[in-house]
Every structure is written in structure tokens, then in C-alpha cells.
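Shown next: entry-v9.cif, containing mmCIF, C-alpha atoms.
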data_entry
#
loop_
_atom_site.group_PDB
_atom_site.id
_atom_site.type_symbol
_atom_site.label_atom_id
_atom_site.label_comp_id
_atom_site.auth_asym_id
_atom_site.auth_seq_id
_atom_site.Cartn_x
_atom_site.Cartn_y
_atom_site.Cartn_z
ATOM 1 C CA MET A 1 97.866 26.852 147.550
ATOM 2 C CA PRO A 2 97.427 29.402 150.358
ATOM 3 C CA PHE A 3 97.343 28.146 153.932
ATOM 4 C CA PRO A 4 94.261 28.680 156.114
ATOM 5 C CA ALA A 5 94.070 32.154 157.615
ATOM 6 C CA PHE A 6 94.397 30.876 161.183
ATOM 7 C CA PHE A 7 98.002 29.815 160.511
ATOM 8 C CA ALA A 8 98.982 33.496 160.719
ATOM 9 C CA ALA A 9 97.270 33.830 164.113
ATOM 10 C CA ALA A 10 99.184 30.925 165.678
ATOM 11 C CA PRO A 11 102.109 31.699 168.004
ATOM 12 C CA THR A 12 105.572 32.135 166.528
ATOM 13 C CA ILE A 13 108.938 31.643 168.215
ATOM 14 C CA THR A 14 112.351 33.147 167.481
ATOM 15 C CA LEU A 15 115.569 31.241 168.180
ATOM 16 C CA GLN A 16 119.205 32.176 167.687
ATOM 17 C CA ASP A 17 121.277 29.595 165.848
ATOM 18 C CA PRO A 18 125.048 30.127 166.240
ATOM 19 C CA LEU A 19 125.733 27.830 163.283
ATOM 20 C CA ALA A 20 123.595 30.007 161.025
ATOM 21 C CA ALA A 21 125.501 33.089 162.202
ATOM 22 C CA PHE A 22 128.850 31.313 161.754
ATOM 23 C CA LEU A 23 127.943 30.513 158.166
ATOM 24 C CA GLY A 24 126.918 34.071 157.348
ATOM 25 C CA ILE A 25 123.136 34.124 157.866
ATOM 26 C CA GLY A 26 123.047 37.463 159.677
ATOM 27 C CA ASP A 27 123.091 37.124 163.463
ATOM 28 C CA GLY A 28 121.458 33.705 163.305
ATOM 29 C CA HIS A 29 118.032 34.746 164.528
ATOM 30 C CA ILE A 30 115.329 32.612 162.917
ATOM 31 C CA THR A 31 111.589 32.947 163.504
ATOM 32 C CA TYR A 32 109.508 29.799 163.168
ATOM 33 C CA SER A 33 105.754 29.587 162.612
ATOM 34 C CA TYR A 34 103.169 26.831 162.569
ATOM 35 C CA ALA A 35 103.312 26.957 158.764
ATOM 36 C CA ASP A 36 106.945 25.790 158.980
ATOM 37 C CA ALA A 37 105.883 22.750 161.015
ATOM 38 C CA VAL A 38 103.167 21.979 158.461
ATOM 39 C CA LYS A 39 105.637 22.227 155.586
ATOM 40 C CA LEU A 40 107.890 19.784 157.405
ATOM 41 C CA ALA A 41 105.146 17.293 158.284
ATOM 42 C CA GLY A 42 103.224 17.711 155.047
ATOM 43 C CA HIS A 43 99.922 18.089 156.878
ATOM 44 C CA SER A 44 98.132 20.005 159.629
ATOM 45 C CA CYS A 45 96.684 17.923 162.462
ATOM 46 C CA PRO A 46 96.238 17.984 166.253
ATOM 47 C CA THR A 47 99.512 16.116 166.765
ATOM 48 C CA VAL A 48 101.558 18.580 164.709
ATOM 49 C CA ALA A 49 99.790 21.509 166.377
ATOM 50 C CA GLY A 50 100.200 20.000 169.846
ATOM 51 C CA ALA A 51 103.886 19.270 169.319
ATOM 52 C CA TYR A 52 104.475 22.773 167.973
ATOM 53 C CA LEU A 53 102.741 24.384 170.966
ATOM 54 C CA ALA A 54 104.535 22.057 173.390
ATOM 55 C CA LEU A 55 107.919 23.086 171.980
ATOM 56 C CA CYS A 56 107.028 26.784 172.044
ATOM 57 C CA HIS A 57 105.876 26.632 175.666
ATOM 58 C CA GLY A 58 108.780 24.435 176.740
ATOM 59 C CA LEU A 59 111.438 26.641 175.172
ATOM 60 C CA ARG A 60 109.945 29.783 176.677
ATOM 61 C CA ALA A 61 109.856 28.096 180.077
ATOM 62 C CA LEU A 62 113.550 27.203 179.774
ATOM 63 C CA TYR A 63 114.766 30.566 178.540
ATOM 64 C CA GLY A 64 112.306 33.088 179.959
ATOM 65 C CA ALA A 65 112.840 36.481 178.339
ATOM 66 C CA ASP A 66 116.052 35.308 176.645
ATOM 67 C CA THR A 67 116.145 34.003 173.093
ATOM 68 C CA PRO A 68 116.424 30.194 172.988
ATOM 69 C CA GLU A 69 119.631 28.921 171.435
ATOM 70 C CA ARG A 70 119.000 26.459 168.632
ATOM 71 C CA GLY A 71 121.477 23.588 168.727
ATOM 72 C CA ALA A 72 122.035 23.905 172.484
ATOM 73 C CA ILE A 73 119.000 21.920 173.626
ATOM 74 C CA GLU A 74 118.647 18.205 174.268
ATOM 75 C CA VAL A 75 115.318 16.575 173.456
ATOM 76 C CA ALA A 76 114.059 13.321 174.943
ATOM 77 C CA LEU A 77 110.951 11.270 174.206
ATOM 78 C CA PRO A 78 109.749 8.395 176.376
ATOM 79 C CA GLU A 79 108.549 6.283 173.451
ATOM 80 C CA ALA A 80 110.386 4.324 170.781
ATOM 81 C CA PRO A 81 110.841 6.165 167.462
ATOM 82 C CA ASP A 82 108.333 3.919 165.693
ATOM 83 C CA ALA A 83 105.674 4.108 168.420
ATOM 84 C CA GLY A 84 102.486 5.997 167.659
ATOM 85 C CA VAL A 85 103.151 9.599 166.721
ATOM 86 C CA ALA A 86 106.586 9.806 168.380
ATOM 87 C CA GLY A 87 108.293 10.301 165.018
ATOM 88 C CA VAL A 88 106.056 13.234 164.115
ATOM 89 C CA ILE A 89 106.670 14.898 167.477
ATOM 90 C CA ALA A 90 110.415 14.340 167.128
ATOM 91 C CA SER A 91 110.426 15.916 163.668
ATOM 92 C CA VAL A 92 108.810 19.087 164.972
ATOM 93 C CA ALA A 93 111.270 19.102 167.883
ATOM 94 C CA THR A 94 114.199 18.854 165.474
ATOM 95 C CA LEU A 95 112.812 21.699 163.386
ATOM 96 C CA LEU A 96 112.670 24.098 166.311
ATOM 97 C CA THR A 97 115.619 22.989 168.455
ATOM 98 C CA GLY A 98 118.040 21.535 165.904
ATOM 99 C CA ALA A 99 118.410 18.439 168.101
ATOM 100 C CA ALA A 100 118.830 15.315 165.987
ATOM 101 C CA GLY A 101 119.648 11.653 166.324
ATOM 102 C CA GLU A 102 122.536 9.746 164.810
ATOM 103 C CA THR A 103 121.949 11.250 161.360
ATOM 104 C CA GLY A 104 122.195 14.843 162.609
ATOM 105 C CA PHE A 105 124.883 17.355 161.730
ATOM 106 C CA GLY A 106 128.161 16.147 163.233
ATOM 107 C CA GLY A 107 129.814 19.531 163.700
ATOM 108 C CA ILE A 108 132.705 21.517 162.240
ATOM 109 C CA GLY A 109 136.366 20.826 162.884
ATOM 110 C CA PRO A 110 138.000 18.483 165.398
ATOM 111 C CA GLN A 111 136.023 20.107 168.226
ATOM 112 C CA ARG A 112 132.770 19.230 166.418
ATOM 113 C CA MET A 113 131.551 22.786 166.837
ATOM 114 C CA PHE A 114 127.787 23.241 166.434
ATOM 115 C CA SER A 115 127.131 19.487 166.448
ATOM 116 C CA ARG A 116 123.472 18.528 166.758
ATOM 117 C CA ARG A 117 124.041 14.781 166.506
ATOM 118 C CA ASP A 118 122.699 12.601 169.325
ATOM 119 C CA LEU A 119 120.886 15.491 170.997
ATOM 120 C CA LEU A 120 117.566 13.736 170.303
ATOM 121 C CA ARG A 121 116.909 10.494 172.169
ATOM 122 C CA PHE A 122 114.020 8.064 172.392
ATOM 123 C CA GLY A 123 113.040 5.671 175.169
ATOM 124 C CA VAL A 124 114.059 8.044 177.951
ATOM 125 C CA PRO A 125 112.129 7.565 181.215
ATOM 126 C CA LEU A 126 110.264 10.791 181.884
ATOM 127 C CA GLU A 127 106.804 11.974 182.830
ATOM 128 C CA GLY A 128 105.414 13.809 179.831
ATOM 129 C CA THR A 129 105.244 13.823 176.054
ATOM 130 C CA LEU A 130 108.800 15.101 175.686
ATOM 131 C CA GLY A 131 111.635 16.573 177.720
ATOM 132 C CA LEU A 132 113.829 19.575 176.916
ATOM 133 C CA ARG A 133 117.146 20.321 178.605
ATOM 134 C CA ARG A 134 119.529 23.239 178.174
ATOM 135 C CA ARG A 135 123.089 22.074 177.588
ATOM 136 C CA ASP A 136 124.598 25.161 179.214
ATOM 137 C CA SER A 137 122.758 25.165 182.550
ATOM 138 C CA GLY A 138 121.367 21.626 182.660
ATOM 139 C CA ARG A 139 117.925 22.947 183.465
ATOM 140 C CA GLY A 140 115.171 20.726 182.112
ATOM 141 C CA VAL A 141 111.434 20.842 181.582
ATOM 142 C CA SER A 142 109.033 18.091 180.621
ATOM 143 C CA VAL A 143 106.050 19.006 178.484
ATOM 144 C CA THR A 144 102.786 17.150 178.076
ATOM 145 C CA PHE A 145 100.188 18.011 175.473
ATOM 146 C CA ASP A 146 96.722 16.505 175.637
ATOM 147 C CA THR A 147 94.728 16.954 172.435
ATOM 148 C CA SER A 148 91.567 15.700 174.171
ATOM 149 C CA ALA A 149 91.413 19.137 175.810
ATOM 150 C CA VAL A 150 90.087 20.336 172.446
ATOM 151 C CA PRO A 151 87.760 17.534 171.332
ATOM 152 C CA PRO A 152 86.676 17.024 167.718
ATOM 153 C CA ALA A 153 83.272 18.200 166.565
ATOM 154 C CA PRO A 154 80.490 15.641 167.202
ATOM 155 C CA GLN A 155 79.891 15.334 163.440
ATOM 156 C CA MET A 156 83.323 13.743 163.036
ATOM 157 C CA GLN A 157 81.981 10.491 164.510
ATOM 158 C CA ARG A 158 79.722 10.198 161.501
ATOM 159 C CA LEU A 159 82.103 11.559 158.872
ATOM 160 C CA LEU A 160 85.350 9.776 159.715
ATOM 161 C CA PRO A 161 84.163 6.230 158.834
ATOM 162 C CA LEU A 162 82.701 7.509 155.577
ATOM 163 C CA VAL A 163 85.918 9.269 154.582
ATOM 164 C CA LEU A 164 88.136 6.325 155.565
ATOM 165 C CA SER A 165 85.995 3.850 153.634
ATOM 166 C CA GLY A 166 85.825 6.000 150.523
ATOM 167 C CA ARG A 167 82.041 6.286 150.758
ATOM 168 C CA ALA A 168 81.946 10.002 151.577
ATOM 169 C CA SER A 169 80.461 12.396 149.048
ATOM 170 C CA PRO A 170 82.510 15.417 147.903
ATOM 171 C CA GLY A 171 80.457 17.560 150.257
ATOM 172 C CA GLN A 172 81.100 15.242 153.170
ATOM 173 C CA ARG A 173 84.837 15.188 152.445
ATOM 174 C CA ALA A 174 84.875 18.984 152.386
ATOM 175 C CA GLU A 175 82.965 19.113 155.676
ATOM 176 C CA PHE A 176 85.404 16.635 157.217
ATOM 177 C CA GLY A 177 88.413 18.712 156.193
ATOM 178 C CA ALA A 178 86.846 21.935 157.436
ATOM 179 C CA LEU A 179 85.964 20.443 160.825
ATOM 180 C CA TRP A 180 89.438 18.895 161.124
ATOM 181 C CA GLN A 181 91.125 22.258 160.620
ATOM 182 C CA GLU A 182 88.626 24.028 162.897
ATOM 183 C CA ARG A 183 89.877 21.831 165.732
ATOM 184 C CA VAL A 184 93.512 22.619 164.892
ATOM 185 C CA ALA A 185 92.653 26.322 164.691
ATOM 186 C CA ALA A 186 91.070 26.206 168.152
ATOM 187 C CA MET A 187 94.198 24.573 169.576
ATOM 188 C CA LEU A 188 96.520 27.174 168.084
ATOM 189 C CA THR A 189 94.445 30.268 168.838
ATOM 190 C CA THR A 190 91.713 30.042 171.477
ATOM 191 C CA HIS A 191 93.497 27.314 173.473
ATOM 192 C CA ALA A 192 97.144 28.170 172.737
ATOM 193 C CA GLY A 193 97.731 29.086 176.377
ATOM 194 C CA ASP A 194 95.282 26.603 177.898
ATOM 195 C CA PRO A 195 96.983 24.604 180.697
ATOM 196 C CA ALA A 196 94.594 21.743 179.978
ATOM 197 C CA LEU A 197 96.180 21.444 176.527
ATOM 198 C CA VAL A 198 99.871 21.941 177.423
ATOM 199 C CA GLN A 199 101.315 21.240 180.869
ATOM 200 C CA LEU A 200 104.866 21.986 182.033
ATOM 201 C CA ARG A 201 106.861 20.606 184.945
ATOM 202 C CA ASP A 202 110.496 20.656 185.984
ATOM 203 C CA TRP A 203 112.582 17.787 184.655
ATOM 204 C CA PRO A 204 115.446 17.264 187.093
ATOM 205 C CA ALA A 205 118.813 16.178 185.759
ATOM 206 C CA PRO A 206 119.763 12.552 186.455
ATOM 207 C CA GLY A 207 121.256 12.195 189.936
#

Could you show the structure in this file as C-alpha cells?
Amino acid sequence: MPFPAFFAAAPTITLQDPLAAFLGIGDGHITYSYADAVKLAGHSCPTVAGAYLALCHGLRALYGADTPERGAIEVALPEAPDAGVAGVIASVATLLTGAAGETGFGGIGPQRMFSRRDLLRFGVPLEGTLGLRRRDSGRGVSVTFDTSAVPPAPQMQRLLPLVLSGRASPGQRAEFGALWQERVAAMLTTHAGDPALVQLRDWPAPG
């Protein structure tokens, strides 16, 4: 099934993964799109879109004009892994940065080259939705995304209870889905650079 057309208009981000290069995948440059995040999550929603945008903005803030290095970034979330949508956000973060928890890739050889294990942590005190820190320079940025900056259509108040209860007609279910994706489309296109949607601030290293 083809994805909605707006997926192609969403921002993309290119990272360089030294492990990919080491294992023969060209020079390791990999371009990620919103469609990749949707394939990972299995759905398209404001949380997936917000997390994707937050990671894109955060990585560009950390690296400027340079290409971000996948596998060389620590990711921190203030919530527990089973709290709210923390797990969804963490999954998108792992996709783009390579950072993983205890089940992540442990590295190659006795030096554990290219290890991504334990680069993703939960329950870290920080102001924001997630924190990103470069392992080479120690520079960090915290990123907050606020989906209320792009509110749902007013009709959703009427449609959501009908859909959840199974009482919606086929037409109402189709309208619900269309309005849901219209909100996601607005986040990823019209509001992709909106500071009300994604905010960045420095995240100092622990003293």
C-alpha cells in the first residue's frame, strides 16, 4: 500500500555510520525519512512525527553543517521506559542515532568497536522530551516537542468516541483517518520548523 503523498515532503536526515562502512556498505552514509520511522513504529501519529522531527532538529543542532555520526550519540529520556509514549520516542531515537539499551549491539573485538549498547537511558533528570549528547565533544542538547502546537481538527472530538466504541460508520472511520493524517502532515510540512512545536536548549554535561 502506498504511503500518503506528504511523507515525501517531510524532512529527511543523512547520518554516517562507521559500522556500516566497516562492514562494506559504501562509506556508511544513510539517509532516513519519516517513512522509515513509520515502518519501525507500524503507524503514523503525532508522537512518531514529533519524535522524528525532534531527533532531526536535535542532531542538526549538535552537528551543524557536519554529518551526524550514527553510533556516537547518547540519548536520554526523563521518563521510565513503560511510561506513556516514552518507548515509542526511544524507538525512533534508536532508529536515527543507533543508541540502544542493554540489548543493543555490543561491539566488535575486545575493544568493543562500534558498540551501541547502553547509549540509550531512561529516567535521566533533564528538562525536555529527550536529550542528545555527542560522545566525542560532550556537547548536549535537550529537545522538547509539543504536539498541542498543531491541534487536532474540531471534528475529532465527535469522531474519536465513535471510532473507539466501534459505533462509527465506514464513512466516519474514513473521515477520522483522513483528519488524523492531516494533522501529522501539518506537523511534518507546514510546522516542521515551528519553534512552538520543537524547542531546543543546551544540555550541559554533568558537573

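Going from atom CA of A:Thr14 over to atom CA of A:Cys56, you cover 9.5 Å.
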
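Relative to atom CA of A:Arg70, atom CA of A:Met113 is found at 13.2 Å.
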
- Item | Selection: 6 Å around stretch 129-137 of chain A, all atoms listed in the file, excl. self and same-chain fewer than 6 positions, as an MDAnalysis selection string | chainID A and resid 72:77 143:144

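The residue that comes closest to A:Asp194, out of A:Ala86, A:Ala20, A:Ala54, A:Ala168 and on the basis of all atoms listed in the file, is A:Ala54.
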
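Atom CA of A:Ser148 is found 20.1 Å from atom CA of A:Pro11.
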
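Counting all atoms listed in the file, stretch 122-125 of chain A has the following residues at most 12 Å away, ignoring those fewer than 6 positions along the same chain: Glu74, Val75, Ala76, Leu77, Pro78, Glu79, Ala80, Pro81, Asp82, Ala83, Ala86, Gly87, Ile89, Ala90, Ala100, Gly101, Glu102, Gly131, Leu132, Ser142, Trp203, Pro204, Ala205 and Pro206 of chain A.
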
Keeping C-alpha atoms for every residue in the selection just given, could you write it to a file as a CSV table (one decimal), in the frame of the given file?
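Listed below is the output, part.csv:
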chain,number,residue,atom,x,y,z
A,74,GLU,CA,118.6,18.2,174.3
A,75,VAL,CA,115.3,16.6,173.5
A,76,ALA,CA,114.1,13.3,174.9
A,77,LEU,CA,111.0,11.3,174.2
A,78,PRO,CA,109.7,8.4,176.4
A,79,GLU,CA,108.5,6.3,173.5
A,80,ALA,CA,110.4,4.3,170.8
A,81,PRO,CA,110.8,6.2,167.5
A,82,ASP,CA,108.3,3.9,165.7
A,83,ALA,CA,105.7,4.1,168.4
A,86,ALA,CA,106.6,9.8,168.4
A,87,GLY,CA,108.3,10.3,165.0
A,89,ILE,CA,106.7,14.9,167.5
A,90,ALA,CA,110.4,14.3,167.1
A,100,ALA,CA,118.8,15.3,166.0
A,101,GLY,CA,119.6,11.7,166.3
A,102,GLU,CA,122.5,9.7,164.8
A,131,GLY,CA,111.6,16.6,177.7
A,132,LEU,CA,113.8,19.6,176.9
A,142,SER,CA,109.0,18.1,180.6
A,203,TRP,CA,112.6,17.8,184.7
A,204,PRO,CA,115.4,17.3,187.1
A,205,ALA,CA,118.8,16.2,185.8
A,206,PRO,CA,119.8,12.6,186.5

Practice item. Would you translate the PyMOL selection byres ((chain A and resi 147) around 7) into the concrete set of residues it matches in this file, as an MDAnalysis selection string? Key: chainID A and resid 46 50 145:146 148:150 197

If you count all atoms listed in the file, which residues fall within 7 Å of stretch 176-190 of chain A, apart from same-chain ones fewer than 2 positions away, as a PDB file with C-alpha atoms, in the frame of the given file?
ATOM      1  CA  PHE A   6      94.397  30.876 161.183  1.00  0.00           C
ATOM      2  CA  ALA A   9      97.270  33.830 164.113  1.00  0.00           C
ATOM      3  CA  ALA A  10      99.184  30.925 165.678  1.00  0.00           C
ATOM      4  CA  CYS A  45      96.684  17.923 162.462  1.00  0.00           C
ATOM      5  CA  PRO A  46      96.238  17.984 166.253  1.00  0.00           C
ATOM      6  CA  ALA A  49      99.790  21.509 166.377  1.00  0.00           C
ATOM      7  CA  VAL A 150      90.087  20.336 172.446  1.00  0.00           C
ATOM      8  CA  PRO A 152      86.676  17.024 167.718  1.00  0.00           C
ATOM      9  CA  ALA A 153      83.272  18.200 166.565  1.00  0.00           C
ATOM     10  CA  MET A 156      83.323  13.743 163.036  1.00  0.00           C
ATOM     11  CA  LEU A 159      82.103  11.559 158.872  1.00  0.00           C
ATOM     12  CA  GLN A 172      81.100  15.242 153.170  1.00  0.00           C
ATOM     13  CA  ARG A 173      84.837  15.188 152.445  1.00  0.00           C
ATOM     14  CA  ALA A 174      84.875  18.984 152.386  1.00  0.00           C
ATOM     15  CA  ALA A 192      97.144  28.170 172.737  1.00  0.00           C
TER      16      ALA A 192
END

Can you find the residues with an atom no farther than 7 Å from (107.4, 23.0, 178.6), counting only C-alpha atoms, and report them as a PDB file with C-alpha atoms, keeping the file's coordinate frame?
ATOM      1  CA  ALA A  54     104.535  22.057 173.390  1.00  0.00           C
ATOM      2  CA  LEU A  55     107.919  23.086 171.980  1.00  0.00           C
ATOM      3  CA  HIS A  57     105.876  26.632 175.666  1.00  0.00           C
ATOM      4  CA  GLY A  58     108.780  24.435 176.740  1.00  0.00           C
ATOM      5  CA  LEU A  59     111.438  26.641 175.172  1.00  0.00           C
ATOM      6  CA  ALA A  61     109.856  28.096 180.077  1.00  0.00           C
ATOM      7  CA  VAL A 141     111.434  20.842 181.582  1.00  0.00           C
ATOM      8  CA  SER A 142     109.033  18.091 180.621  1.00  0.00           C
ATOM      9  CA  VAL A 143     106.050  19.006 178.484  1.00  0.00           C
ATOM     10  CA  GLN A 199     101.315  21.240 180.869  1.00  0.00           C
ATOM     11  CA  LEU A 200     104.866  21.986 182.033  1.00  0.00           C
ATOM     12  CA  ARG A 201     106.861  20.606 184.945  1.00  0.00           C
TER      13      ARG A 201
END

Legend entry - Selection under test: the PyMOL selection byres ((chain A and resi 92) around 9); residues as a PyMOL selection string: chain A and resi 37+40-41+48+51-52+55+87-91+93-97

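Surrounding residues of (109.8, 32.3, 167.8) at most 10 Å away are Pro11, Thr12, Ile13, Thr14, Leu15, Gln16, His29, Ile30, Thr31, Tyr32, Ser33, Cys56, Leu59, Arg60, Thr67, Pro68 and Leu96 of chain A (based on all atoms listed in the file).
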
Please determine an axis-aligned box that encloses all atoms of stretch 26-45 of chain A listed in the file, with 6 Å added on each side, and express its centre and edge lengths in Å to one decimal as JSON.
{"center_x": 109.9, "center_y": 27.4, "center_z": 159.8, "size_x": 38.4, "size_y": 32.2, "size_z": 21.5}

Across A:Phe7, A:Leu23, A:Arg139, A:Asp17, the smallest distance to A:Asp36, with only C-alpha atoms counted, is shown by A:Phe7
